$ cat structure08.cif   # mmCIF, C-alpha atoms and all ligand atoms
data_input
loop_
_atom_site.label_atom_id
_atom_site.label_comp_id
_atom_site.auth_asym_id
_atom_site.auth_seq_id
_atom_site.Cartn_x
_atom_site.Cartn_y
_atom_site.Cartn_z
CA MET A 114 136.88 49.36 143.67
CA ARG A 115 137.75 52.63 145.36
CA ASN A 116 136.07 55.83 144.46
CA ASP A 117 138.16 57.75 141.92
CA LYS A 118 138.42 61.33 143.07
CA PHE A 119 140.21 62.39 139.90
CA HIS A 120 138.68 63.68 136.76
CA GLY A 121 139.19 62.10 133.38
CA ARG A 122 142.09 62.45 131.05
CA VAL A 123 142.61 65.88 129.46
CA GLN A 124 144.97 65.69 126.54
CA GLY A 125 146.70 68.19 124.31
CA THR A 126 146.84 71.08 126.76
CA GLY A 127 150.63 71.28 126.80
CA ARG A 128 150.65 70.81 130.57
CA ILE A 129 153.58 68.95 132.01
CA CYS A 130 153.29 66.49 134.89
CA ASN A 131 153.76 68.33 138.21
CA ALA A 132 155.71 65.50 139.79
CA PRO A 133 159.24 66.83 140.31
CA GLY A 134 161.52 65.85 137.48
CA CYS A 135 158.79 64.24 135.37
CA ASP A 136 158.37 65.56 131.85
CA GLU A 137 155.43 63.46 130.72
CA PRO A 138 152.26 65.32 129.69
CA GLY A 139 150.16 66.28 132.72
CA GLU A 140 146.81 64.86 131.63
CA PHE A 141 145.18 63.96 134.92
CA ARG A 142 143.83 66.46 137.38
CA ALA A 143 144.35 66.07 141.11
CA PRO A 144 143.52 68.34 144.03
CA GLY A 145 146.13 71.04 144.51
CA VAL A 146 147.90 72.29 147.59
CA ARG A 147 144.87 74.43 148.44
CA SER A 148 141.69 72.37 148.56
CA ALA A 149 138.17 73.60 147.83
CA GLY A 150 136.42 75.28 150.71
CA PHE A 151 135.14 78.60 151.98
CA ASP A 152 138.07 80.38 150.35
CA GLY A 153 137.17 79.31 146.85
CA PRO A 154 137.26 76.44 144.44
CA GLY A 155 140.80 75.34 145.31
CA ASP A 156 143.55 74.69 142.84
CA TYR A 157 144.74 71.68 140.94
CA ARG A 158 147.83 69.79 140.03
CA TRP A 159 148.26 67.89 136.83
CA PHE A 160 150.03 64.58 136.60
CA CYS A 161 150.85 61.90 134.09
CA LEU A 162 148.99 58.61 134.55
CA GLU A 163 151.80 56.99 136.53
CA HIS A 164 152.11 59.91 138.91
CA VAL A 165 148.38 60.51 139.34
CA ARG A 166 148.19 56.87 140.41
CA GLN A 167 150.98 57.41 142.93
CA PHE A 168 149.31 60.58 144.10
CA ASN A 169 146.01 58.72 144.38
CA SER A 170 147.66 56.12 146.55
CA GLY A 171 148.77 58.80 148.95
CA TYR A 172 152.36 59.35 147.91
CA ASP A 173 153.56 62.89 148.58
CA PHE A 174 155.99 63.94 145.84
CA PHE A 175 156.73 67.14 147.64
CA ALA A 176 157.59 65.69 151.01
CA GLY A 177 160.78 67.22 152.37
CA MET A 178 160.90 69.96 149.74
CA THR A 179 160.97 73.65 150.54
CA PRO A 180 158.23 75.88 149.06
CA GLU A 181 160.86 77.23 146.63
CA GLU A 182 161.73 73.71 145.49
CA ILE A 183 158.06 72.85 145.04
CA LEU A 184 157.52 76.01 143.04
CA LYS A 185 160.54 75.23 140.89
CA ALA A 186 159.38 71.67 140.34
CA GLN A 187 156.01 72.94 139.14
CA SER A 188 157.34 75.69 136.91
CA PRO A 189 156.86 75.36 133.15
CA LEU A 190 160.61 74.83 132.77
CA ALA A 191 160.85 72.08 135.38
CA GLY A 192 162.69 69.05 134.08
CA TRP A 193 165.30 71.00 132.11
CA GLU A 194 168.06 69.35 134.04
CA ARG A 195 166.87 65.90 133.13
CA GLU A 196 166.68 66.69 129.42
CA THR A 197 170.43 66.32 129.14
CA ARG A 198 170.21 62.56 129.60
CA ALA A 199 171.15 60.37 126.66
CA PHE A 200 167.65 59.23 125.86
CA ARG A 201 165.76 62.46 125.88
CA PRO A 202 162.93 62.65 123.36
CA ASP A 203 164.97 64.36 120.65
CA ALA A 204 168.03 62.12 121.06
CA GLY A 205 167.73 60.86 117.48
CA ILE A 206 167.37 64.22 115.78
CA ASP A 207 170.95 65.27 115.20
CA GLN A 208 172.98 63.02 117.43
CA ALA A 209 173.89 59.37 117.23
CA PRO A 210 170.81 57.41 116.17
CA ARG A 211 168.82 55.46 118.70
CA TRP A 212 168.72 51.67 118.68
CA ALA A 213 165.02 51.77 117.98
CA ASP A 214 165.71 53.54 114.68
CA PHE A 215 167.17 50.37 113.22
CA ALA A 216 165.40 47.17 112.25
CA ASP A 217 168.75 45.40 111.95
CA PRO A 218 171.02 45.47 115.01
CA LEU A 219 174.10 44.85 112.82
CA GLU A 220 173.37 48.00 110.87
CA ALA A 221 173.16 49.88 114.15
CA ILE A 222 176.53 48.49 115.26
CA ALA A 223 178.15 49.45 111.93
CA GLN A 224 176.72 52.96 112.18
CA ARG A 225 178.03 53.35 115.70
CA ALA A 226 181.52 52.20 114.67
CA LYS A 227 181.49 54.68 111.80
CA ALA A 228 180.37 57.48 114.10
CA ARG A 229 183.15 56.57 116.55
CA ARG A 230 185.81 56.75 113.83
CA ALA A 231 184.56 60.15 112.69
CA ASP A 232 184.55 61.29 116.30
CA HIS A 233 188.20 60.24 116.77
CA GLN A 234 189.19 62.29 113.72
CA LYS A 235 187.31 65.33 114.99
CA ALA A 236 188.94 64.96 118.41
CA ALA A 237 192.40 64.92 116.84
CA ASP A 238 191.56 67.98 114.76
CA ALA A 239 190.26 69.82 117.83
CA ALA A 240 193.37 68.92 119.86
CA ARG A 241 195.58 70.36 117.12
CA ARG A 242 193.68 73.64 117.40
CA GLY A 243 193.88 73.75 121.19
CA ILE A 244 190.15 73.08 121.65
CA SER A 245 189.31 71.33 124.92
CA PRO A 246 186.77 68.48 125.15
CA ASP A 247 184.22 70.82 126.78
CA GLU A 248 184.76 73.36 124.04
CA ARG A 249 184.34 70.61 121.44
CA LYS A 250 180.93 69.81 122.85
CA ALA A 251 180.08 73.48 122.69
CA TYR A 252 181.12 73.65 119.02
CA ASP A 253 178.89 70.67 118.32
CA ALA A 254 175.96 72.12 120.22
CA LEU A 255 176.25 75.28 118.13
CA HIS A 256 176.85 73.36 114.87
CA LEU A 257 180.09 75.29 114.45
CA ALA A 258 183.14 74.34 112.41
CA TYR A 259 186.40 74.50 114.35
CA ASP A 260 187.58 77.47 112.27
CA ALA A 261 184.44 79.54 113.00
CA ASP A 262 184.98 83.18 113.96
CA ARG A 263 183.17 85.37 116.46
CA ARG A 264 180.59 86.54 113.94
CA GLN A 265 179.69 82.92 113.06
CA LEU A 266 179.49 82.08 116.76
CA ARG A 267 176.95 84.82 117.37
CA GLN A 268 175.00 84.04 114.22
CA SER A 269 174.74 80.33 114.96
CA TYR A 270 173.74 81.04 118.54
CA SER A 271 170.93 83.40 117.61
CA GLU A 272 169.63 81.02 114.92
CA LEU A 273 169.56 78.04 117.27
CA VAL A 274 167.97 79.94 120.13
CA ARG A 275 165.15 80.96 117.82
CA LYS A 276 164.84 77.42 116.45
CA TYR A 277 164.69 75.67 119.83
CA HIS A 278 162.77 78.20 121.90
CA PRO A 279 159.38 76.86 123.08
CA ASP A 280 157.75 80.12 121.96
CA ARG A 281 158.77 79.23 118.41
CA ASN A 282 157.48 75.70 118.75
CA GLY A 283 153.94 76.31 119.93
CA GLY A 284 155.00 75.75 123.52
CA ASP A 285 156.40 72.32 122.64
CA ARG A 286 159.07 71.51 125.24
CA THR A 287 160.79 68.88 123.11
CA PHE A 288 163.72 71.16 122.38
CA GLU A 289 164.30 72.67 125.79
CA GLY A 290 167.25 70.40 126.45
CA ARG A 291 168.78 71.54 123.15
CA LEU A 292 168.09 75.16 124.00
CA GLN A 293 169.83 74.79 127.33
CA GLU A 294 172.86 73.20 125.62
CA VAL A 295 173.00 76.01 123.09
CA VAL A 296 172.91 78.69 125.79
CA GLU A 297 175.60 76.95 127.85
CA ALA A 298 177.76 76.36 124.78
CA TYR A 299 177.55 80.00 123.78
CA ASN A 300 178.41 81.20 127.27
CA LEU A 301 181.45 78.92 127.28
CA LEU A 302 182.76 79.86 123.84
CA LYS A 303 182.15 83.59 123.91
CA GLY A 304 184.53 83.82 126.88
CA SER A 305 187.07 81.46 125.35
CA ALA A 306 190.47 82.55 124.04
CA LEU A 307 189.46 80.79 120.81
CA PHE A 308 187.06 83.64 120.09
CA ALA A 309 189.04 86.47 121.62
ZN ZN B 1 154.63 62.18 135.85
#
$ encode --input "structure08.cif" --output "structure tokens" --more "lines below"
Ligand SMILES: [Zn+2]
Amino acid sequence: MRNDKFHGRVQGTGRICNAPGCDEPGEFRAPGVRSAGFDGPGDYRWFCLEHVRQFNSGYDFFAGMTPEEILKAQSPLAGWERETRAFRPDAGIDQAPRWADFADPLEAIAQRAKARRADHQKAADAARRGISPDERKAYDALHLAYDADRRQLRQSYSELVRKYHPDRNGGDRTFEGRLQEVVEAYNLLKGSALFA
């Protein structure tokens, strides 16, 4: 058995894995870019179990990346881009339910069919009002009805930004993907002729 140069698991710190694109909790400490020596104690990186194992086996996550890219990958907001995937942690909160939410697969199929029918109706309604598919997504992200006015747009935006901001959630990053959607949706709609 090889000597483990990493310290034990440290949970509940809110650290995120430093491996680029990974948004698992960073619970395992590994030597940082600067190692201990005459200049001081050195710094550390924090990884999830999978990535600390890869790191331990000599894999360099940062190979081929510029210092700016490494910095970005290690920033507290790293991983934002990936949060828009279908199966992000909060996928079941106010979107179509996840398969795992159902004990009975037939119930899941029925729910999906129902959601599809409702979606077709909404699409037809939006088309009648001259709302594009991108704008539809923005309305959904902001929980806006298609007849919302500029005041409702601003109100909904400011409510959702407060709701999803990590500062309002004890640093919990669960809602960062939602926050990003809300900001993008607002930027799209506030410039749209629909809200002129
Ligand atoms: Zn990781």
$ atom_distance --input "structure08.cif" --atom1 "atom CA of Arg291 of chain A" --atom2 "atom CA of Arg128 of chain A"
19.6 Å
$ closest_residue --input "structure08.cif" --among "A:Glu272, A:Asp232, A:Glu163, A:Glu137" --to "Asp253 of chain A" --atoms "all atoms listed in the file"
A:Asp232
$ closest_atom_pairs --input "structure08.cif" --of "chain A" --to "ligand ZN 1 (chain B)" --cutoff "9 Å" --atoms "all atoms listed in the file" --output "JSON lines"
{"residue": "A:Ile129", "atom": "CA", "partner": "B:ZN1", "partner_atom": "ZN", "distance": 7.9}
{"residue": "A:Cys130", "atom": "CA", "partner": "B:ZN1", "partner_atom": "ZN", "distance": 4.6}
{"residue": "A:Asn131", "atom": "CA", "partner": "B:ZN1", "partner_atom": "ZN", "distance": 6.6}
{"residue": "A:Ala132", "atom": "CA", "partner": "B:ZN1", "partner_atom": "ZN", "distance": 5.3}
{"residue": "A:Pro133", "atom": "CA", "partner": "B:ZN1", "partner_atom": "ZN", "distance": 7.9}
{"residue": "A:Gly134", "atom": "CA", "partner": "B:ZN1", "partner_atom": "ZN", "distance": 8.0}
{"residue": "A:Cys135", "atom": "CA", "partner": "B:ZN1", "partner_atom": "ZN", "distance": 4.7}
{"residue": "A:Asp136", "atom": "CA", "partner": "B:ZN1", "partner_atom": "ZN", "distance": 6.4}
{"residue": "A:Glu137", "atom": "CA", "partner": "B:ZN1", "partner_atom": "ZN", "distance": 5.3}
{"residue": "A:Pro138", "atom": "CA", "partner": "B:ZN1", "partner_atom": "ZN", "distance": 7.3}
{"residue": "A:Gly139", "atom": "CA", "partner": "B:ZN1", "partner_atom": "ZN", "distance": 6.8}
{"residue": "A:Trp159", "atom": "CA", "partner": "B:ZN1", "partner_atom": "ZN", "distance": 8.6}
{"residue": "A:Phe160", "atom": "CA", "partner": "B:ZN1", "partner_atom": "ZN", "distance": 5.2}
{"residue": "A:Cys161", "atom": "CA", "partner": "B:ZN1", "partner_atom": "ZN", "distance": 4.2}
{"residue": "A:Leu162", "atom": "CA", "partner": "B:ZN1", "partner_atom": "ZN", "distance": 6.8}
{"residue": "A:Glu163", "atom": "CA", "partner": "B:ZN1", "partner_atom": "ZN", "distance": 6.0}
{"residue": "A:His164", "atom": "CA", "partner": "B:ZN1", "partner_atom": "ZN", "distance": 4.6}
{"residue": "A:Val165", "atom": "CA", "partner": "B:ZN1", "partner_atom": "ZN", "distance": 7.4}
$ atom_distance --input "structure08.cif" --atom1 "atom CA of Ala261 of chain A" --atom2 "atom CA of Leu302 of chain A"
11.0 Å
$ atom_distance --input "structure08.cif" --atom1 "atom CA of Pro279 of chain A" --atom2 "atom CA of Leu292 of chain A"
8.9 Å
$ closest_residue --input "structure08.cif" --among "A:Arg242, A:Glu140, A:Tyr299, A:His233" --to "Leu257 of chain A" --atoms "all atoms listed in the file"
A:Tyr299
$ axis_aligned_box --input "structure08.cif" --around "segment 258-263 of chain A" --padding-each-side "3 Å" --output "AutoDock Vina command-line options"
--center_x 185.4 --center_y 79.9 --center_z 114.4 --size_x 10.4 --size_y 17.0 --size_z 10.2
$ closest_residue --input "structure08.cif" --among "A:Asp280, A:Val274, A:Ala239, A:Gln268" --to "Val296 of chain A" --atoms "only C-alpha atoms"
A:Val274
$ residues_around --input "structure08.cif" --residues "Arg263 of chain A" --least-positions-apart "4" --cutoff "8 Å" --atoms "all atoms listed in the file" --output "PyMOL selection string"
chain A and resi 267+303+308-309
$ closest_residue --input "structure08.cif" --among "A:Val123, A:Ala298, A:Leu307, A:Ala143" --to "Asp247 of chain A" --atoms "all atoms listed in the file"
A:Ala298
